[in-house]
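These notes are about the structure you will find just below.
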Amino acid sequence: DEHAPPPPALLLMNLVKDFGQKRAVDNLSLAVPPGSMFGLVGPNGAGKTTTLSMATGLLRPTYGQAFVLGHDVWSDPARAKALVGVLPDGLPTFDRLSGLELLRMVGRLRRLDRAVIEERAANLLSVLGLEEDARTLVCDYSAGMAKKIGLASALIHAPRLLILDEPFESVDPVSGQSIRAILRDFTAGGGTVVMSSHVMELVESLCDSLAIVAQGRILAAGTVDS
């Protein structure tokens, strides 16, 4: 039906994740509207990272489903993952490559044309203020620079949904400003951002909607204004 509303950018249905006797995520459901900047906020250990890992195909749920723009992350992973850019928190990257080499490698993994990779990599490095460090090894980057090259890697294939786990953790103010600007441009262009943070003020200042997570459950969800 051409008049049917678009599917949520991210739809989580009854997600459960057990680690042995511990239930890290407890029957969590969430619908993120397309074009929004959505914050997942809660204390460390609340289950935010586990939830986002299941949403992006990094961690198989004990129970439940995740959909990206209507595509099932677990039964149609290639289609779902093609639409998503992910910035995990603390996951090792190929840091023996330079920033430019890393973007080229990610672009090739995403099966982009070489000319497209070069154009997008140059643009992202410029916008994120990493041009002068394009040929520096990522292992020599500061924490802020490492977050920015991680964000560039998540954006290189022009995804429609960005999932960012603690994107501002240990980031200097200048890097933080350039990350905020990129995210605002991304949603202004119709993209959707889902980000986690344990800092409520950060989510309130950046996001239009949020969900508060504690002990693997959503305690509240809605617009920031309400």
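By order in the structure tokens, chains are A, B, ...; within a chain, residues start at 1; ligands start at 1, following the order shown.
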Counting only C-alpha atoms, which residues in region 68-108 of chain A sit no more than 12 Å from region 113-127 of chain A? For each one, give the nearest pair of atoms and the distance in Å, sorted by chain then residue number, as CSV.
```
residue,atom,partner,partner_atom,distance
A:Ser98,CA,A:Leu125,CA,11.8
A:Gly99,CA,A:Leu125,CA,8.4
A:Leu100,CA,A:Ala121,CA,6.9
A:Glu101,CA,A:Ala121,CA,9.5
A:Leu102,CA,A:Ala121,CA,9.5
A:Leu103,CA,A:Ala121,CA,6.2
A:Arg104,CA,A:Ile117,CA,6.2
A:Met105,CA,A:Ile117,CA,9.2
A:Val106,CA,A:Ile117,CA,9.0
A:Gly107,CA,A:Ile117,CA,5.7
A:Arg108,CA,A:Arg114,CA,7.6
```
For the selection you just gave me, I'd like the residues written to a file as an mmCIF file, in the first residue's frame, keeping N, CA and C atoms.
```
data_model
loop_
_atom_site.group_PDB
_atom_site.id
_atom_site.type_symbol
_atom_site.label_atom_id
_atom_site.label_comp_id
_atom_site.auth_asym_id
_atom_site.auth_seq_id
_atom_site.Cartn_x
_atom_site.Cartn_y
_atom_site.Cartn_z
ATOM 1 N N SER A 98 46.266 3.209 8.506
ATOM 2 C CA SER A 98 46.041 4.649 8.659
ATOM 3 C C SER A 98 44.541 4.911 8.573
ATOM 4 N N GLY A 99 44.138 6.124 8.939
ATOM 5 C CA GLY A 99 42.727 6.476 8.868
ATOM 6 C C GLY A 99 42.165 6.280 7.468
ATOM 7 N N LEU A 100 42.918 6.735 6.461
ATOM 8 C CA LEU A 100 42.463 6.602 5.076
ATOM 9 C C LEU A 100 42.397 5.135 4.659
ATOM 10 N N GLU A 101 43.419 4.350 5.039
ATOM 11 C CA GLU A 101 43.426 2.919 4.692
ATOM 12 C C GLU A 101 42.242 2.192 5.329
ATOM 13 N N LEU A 102 41.905 2.571 6.566
ATOM 14 C CA LEU A 102 40.773 1.941 7.251
ATOM 15 C C LEU A 102 39.471 2.215 6.496
ATOM 16 N N LEU A 103 39.278 3.476 6.084
ATOM 17 C CA LEU A 103 38.058 3.821 5.344
ATOM 18 C C LEU A 103 38.001 3.097 4.000
ATOM 19 N N ARG A 104 39.167 2.984 3.338
ATOM 20 C CA ARG A 104 39.203 2.247 2.061
ATOM 21 C C ARG A 104 38.826 0.780 2.277
ATOM 22 N N MET A 105 39.348 0.189 3.350
ATOM 23 C CA MET A 105 39.071 -1.225 3.609
ATOM 24 C C MET A 105 37.584 -1.440 3.912
ATOM 25 N N VAL A 106 37.016 -0.558 4.774
ATOM 26 C CA VAL A 106 35.594 -0.687 5.116
ATOM 27 C C VAL A 106 34.739 -0.489 3.864
ATOM 28 N N GLY A 107 35.122 0.478 3.027
ATOM 29 C CA GLY A 107 34.395 0.718 1.781
ATOM 30 C C GLY A 107 34.401 -0.501 0.871
ATOM 31 N N ARG A 108 35.554 -1.177 0.809
ATOM 32 C CA ARG A 108 35.638 -2.382 -0.033
ATOM 33 C C ARG A 108 34.816 -3.515 0.562
#
```
**Request:** Within 12 Å of region 177-186 of chain A, counting only C-alpha atoms, which residues show up once you throw out same-chain ones fewer than 6 positions away? Write them as a PyMOL selection string, please.
**Result:** chain A and resi 34-38+85+123-130+144-152+154-155+158-164+166-169+171+192-195+202-203+205-208
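Of note, CA of Leu28 (chain A) and CA of Ala188 (chain A) are spaced 28.2 Å apart.
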**Within 8 Å of Pro7 (chain A) using only C-alpha atoms, minus same-chain residues under 3 positions, as number ranges by chain** = A: 33-34, 69-70
**Residues of region 153-194 of chain A in strand (DSSP E), written as a ChimeraX atom specification** = /A:161-165,192-194
**Prompt:** Looking at A:Lys48, A:Arg135, A:His157, A:Lys81, which one is nearest to Arg110 (chain A), with distances taken over only C-alpha atoms?
**Reply:** A:His157
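Closest approach to Tyr63 (chain A) from the set A:Arg96, A:Lys17, A:Arg23, A:Arg79 is made by A:Lys17, with distances taken over only C-alpha atoms.
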**Message:** I need the helix (DSSP H, G or I) residues of region 13-220 of chain A per DSSP on the backbone, written as JSON, numbers by chain.
**Reply:** {"A": [48, 49, 50, 51, 52, 53, 54, 55, 77, 78, 79, 80, 81, 82, 99, 100, 101, 102, 103, 104, 105, 106, 107, 108, 109, 114, 115, 116, 117, 118, 119, 120, 121, 122, 123, 124, 125, 126, 127, 131, 132, 133, 138, 139, 140, 143, 144, 145, 146, 147, 148, 149, 150, 151, 152, 153, 154, 155, 173, 174, 175, 176, 177, 178, 179, 180, 181, 182, 183, 184, 185, 186, 187, 188, 200, 201, 202, 203, 204, 205, 206]}
With C-alpha atoms retained, export the selected residues as a PDB file, in the first residue's frame.
```pdb
ATOM      1  CA  LYS A  48      22.180  -0.743  26.484  1.00  0.00           C
ATOM      2  CA  THR A  49      25.197  -2.278  24.730  1.00  0.00           C
ATOM      3  CA  THR A  50      23.649  -5.767  24.780  1.00  0.00           C
ATOM      4  CA  THR A  51      20.446  -4.373  23.256  1.00  0.00           C
ATOM      5  CA  LEU A  52      22.298  -2.521  20.488  1.00  0.00           C
ATOM      6  CA  SER A  53      24.482  -5.573  19.807  1.00  0.00           C
ATOM      7  CA  MET A  54      21.341  -7.659  19.222  1.00  0.00           C
ATOM      8  CA  ALA A  55      19.821  -4.878  17.101  1.00  0.00           C
ATOM      9  CA  PRO A  77      21.039 -10.128   7.729  1.00  0.00           C
ATOM     10  CA  ALA A  78      22.646  -9.021   4.456  1.00  0.00           C
ATOM     11  CA  ARG A  79      19.779  -6.678   3.589  1.00  0.00           C
ATOM     12  CA  ALA A  80      19.368  -5.341   7.130  1.00  0.00           C
ATOM     13  CA  LYS A  81      23.082  -4.750   7.717  1.00  0.00           C
ATOM     14  CA  ALA A  82      23.497  -2.979   4.377  1.00  0.00           C
ATOM     15  CA  GLY A  99      42.727   6.476   8.868  1.00  0.00           C
ATOM     16  CA  LEU A 100      42.463   6.602   5.076  1.00  0.00           C
ATOM     17  CA  GLU A 101      43.426   2.919   4.692  1.00  0.00           C
ATOM     18  CA  LEU A 102      40.773   1.941   7.251  1.00  0.00           C
ATOM     19  CA  LEU A 103      38.058   3.821   5.344  1.00  0.00           C
ATOM     20  CA  ARG A 104      39.203   2.247   2.061  1.00  0.00           C
ATOM     21  CA  MET A 105      39.071  -1.225   3.609  1.00  0.00           C
ATOM     22  CA  VAL A 106      35.594  -0.687   5.116  1.00  0.00           C
ATOM     23  CA  GLY A 107      34.395   0.718   1.781  1.00  0.00           C
ATOM     24  CA  ARG A 108      35.638  -2.382  -0.033  1.00  0.00           C
ATOM     25  CA  LEU A 109      34.008  -4.650   2.555  1.00  0.00           C
ATOM     26  CA  ARG A 114      36.648   2.546  -5.687  1.00  0.00           C
ATOM     27  CA  ALA A 115      35.897   6.022  -7.012  1.00  0.00           C
ATOM     28  CA  VAL A 116      32.976   6.307  -4.589  1.00  0.00           C
ATOM     29  CA  ILE A 117      35.212   5.173  -1.697  1.00  0.00           C
ATOM     30  CA  GLU A 118      37.858   7.796  -2.490  1.00  0.00           C
ATOM     31  CA  GLU A 119      35.288  10.588  -2.772  1.00  0.00           C
ATOM     32  CA  ARG A 120      33.420   9.686   0.408  1.00  0.00           C
ATOM     33  CA  ALA A 121      36.588   9.032   2.417  1.00  0.00           C
ATOM     34  CA  ALA A 122      38.040  12.419   1.450  1.00  0.00           C
ATOM     35  CA  ASN A 123      34.754  14.127   2.313  1.00  0.00           C
ATOM     36  CA  LEU A 124      34.390  12.397   5.699  1.00  0.00           C
ATOM     37  CA  LEU A 125      38.018  13.042   6.672  1.00  0.00           C
ATOM     38  CA  SER A 126      37.551  16.711   5.784  1.00  0.00           C
ATOM     39  CA  VAL A 127      34.244  17.152   7.627  1.00  0.00           C
ATOM     40  CA  GLU A 131      42.571  15.401   6.831  1.00  0.00           C
ATOM     41  CA  GLU A 132      46.005  16.044   8.311  1.00  0.00           C
ATOM     42  CA  ASP A 133      45.906  12.695  10.109  1.00  0.00           C
ATOM     43  CA  VAL A 138      44.767   4.693  13.896  1.00  0.00           C
ATOM     44  CA  CYS A 139      46.624   3.197  16.903  1.00  0.00           C
ATOM     45  CA  ASP A 140      48.331   6.594  17.270  1.00  0.00           C
ATOM     46  CA  ALA A 143      40.403   8.928  21.880  1.00  0.00           C
ATOM     47  CA  GLY A 144      38.462  11.708  20.121  1.00  0.00           C
ATOM     48  CA  MET A 145      40.126  11.006  16.768  1.00  0.00           C
ATOM     49  CA  ALA A 146      39.466   7.268  17.159  1.00  0.00           C
ATOM     50  CA  LYS A 147      35.739   7.944  17.718  1.00  0.00           C
ATOM     51  CA  LYS A 148      35.676  10.179  14.646  1.00  0.00           C
ATOM     52  CA  ILE A 149      37.341   7.615  12.349  1.00  0.00           C
ATOM     53  CA  GLY A 150      34.932   5.018  13.762  1.00  0.00           C
ATOM     54  CA  LEU A 151      32.028   7.299  12.846  1.00  0.00           C
ATOM     55  CA  ALA A 152      33.494   7.823   9.354  1.00  0.00           C
ATOM     56  CA  SER A 153      33.708   4.019   8.961  1.00  0.00           C
ATOM     57  CA  ALA A 154      30.042   3.741   9.960  1.00  0.00           C
ATOM     58  CA  LEU A 155      29.047   6.403   7.397  1.00  0.00           C
ATOM     59  CA  PRO A 173      34.906  19.093  23.209  1.00  0.00           C
ATOM     60  CA  VAL A 174      36.115  20.000  19.700  1.00  0.00           C
ATOM     61  CA  SER A 175      35.702  16.426  18.423  1.00  0.00           C
ATOM     62  CA  GLY A 176      32.343  16.288  20.183  1.00  0.00           C
ATOM     63  CA  GLN A 177      31.148  19.363  18.294  1.00  0.00           C
ATOM     64  CA  SER A 178      32.109  17.930  14.906  1.00  0.00           C
ATOM     65  CA  ILE A 179      30.392  14.613  15.747  1.00  0.00           C
ATOM     66  CA  ARG A 180      27.213  16.487  16.776  1.00  0.00           C
ATOM     67  CA  ALA A 181      27.255  18.474  13.519  1.00  0.00           C
ATOM     68  CA  ILE A 182      27.594  15.308  11.411  1.00  0.00           C
ATOM     69  CA  LEU A 183      24.733  13.606  13.257  1.00  0.00           C
ATOM     70  CA  ARG A 184      22.449  16.620  12.824  1.00  0.00           C
ATOM     71  CA  ASP A 185      23.245  16.726   9.087  1.00  0.00           C
ATOM     72  CA  PHE A 186      22.599  12.983   8.839  1.00  0.00           C
ATOM     73  CA  THR A 187      19.102  13.225  10.357  1.00  0.00           C
ATOM     74  CA  ALA A 188      18.357  16.422   8.403  1.00  0.00           C
ATOM     75  CA  MET A 200      21.171  12.295  30.464  1.00  0.00           C
ATOM     76  CA  GLU A 201      22.128  15.919  29.675  1.00  0.00           C
ATOM     77  CA  LEU A 202      23.886  14.830  26.492  1.00  0.00           C
ATOM     78  CA  VAL A 203      20.881  12.884  25.226  1.00  0.00           C
ATOM     79  CA  GLU A 204      18.478  15.718  26.143  1.00  0.00           C
ATOM     80  CA  SER A 205      20.577  18.272  24.257  1.00  0.00           C
ATOM     81  CA  LEU A 206      20.951  16.166  21.108  1.00  0.00           C
TER      82      LEU A 206
END
```
**Message:** I'd like to know which of A:Thr62, A:Val73, A:Gly39, A:Ala9 is closest to Gly222 (chain A), using only C-alpha atoms.
**Reply:** A:Gly39
**Request:** Tell me which protein, DNA and RNA residues are within 10 Å of Gly45 (chain A), counting only C-alpha atoms, leaving out same-chain ones fewer than 6 positions away, and put them as a VMD selection string.
**Result:** chain A and resid 24 198 213 to 216
Please produce a file of those selected residues containing N, CA and C atoms, as an mmCIF file, in the first residue's frame.
```cif
data_model
loop_
_atom_site.group_PDB
_atom_site.id
_atom_site.type_symbol
_atom_site.label_atom_id
_atom_site.label_comp_id
_atom_site.auth_asym_id
_atom_site.auth_seq_id
_atom_site.Cartn_x
_atom_site.Cartn_y
_atom_site.Cartn_z
ATOM 1 N N ALA A 24 20.324 -10.102 30.978
ATOM 2 C CA ALA A 24 20.859 -8.762 30.709
ATOM 3 C C ALA A 24 19.831 -7.863 30.036
ATOM 4 N N HIS A 198 25.169 7.140 29.041
ATOM 5 C CA HIS A 198 24.740 7.160 30.438
ATOM 6 C C HIS A 198 24.647 8.600 30.954
ATOM 7 N N VAL A 213 16.560 3.080 30.044
ATOM 8 C CA VAL A 213 16.747 1.641 30.250
ATOM 9 C C VAL A 213 17.395 1.401 31.602
ATOM 10 N N ALA A 214 16.874 0.426 32.337
ATOM 11 C CA ALA A 214 17.505 -0.005 33.589
ATOM 12 C C ALA A 214 17.196 -1.483 33.784
ATOM 13 N N GLN A 215 18.206 -2.227 34.203
ATOM 14 C CA GLN A 215 18.054 -3.664 34.464
ATOM 15 C C GLN A 215 17.421 -4.395 33.280
ATOM 16 N N GLY A 216 17.832 -3.980 32.072
ATOM 17 C CA GLY A 216 17.404 -4.679 30.875
ATOM 18 C C GLY A 216 15.991 -4.400 30.423
#
```
**Message:** Using only C-alpha atoms for the distances, tell me which of A:Phe94, A:Leu30, A:Ile212, A:Gly64 is nearest to Val199 (chain A).
**Reply:** A:Ile212
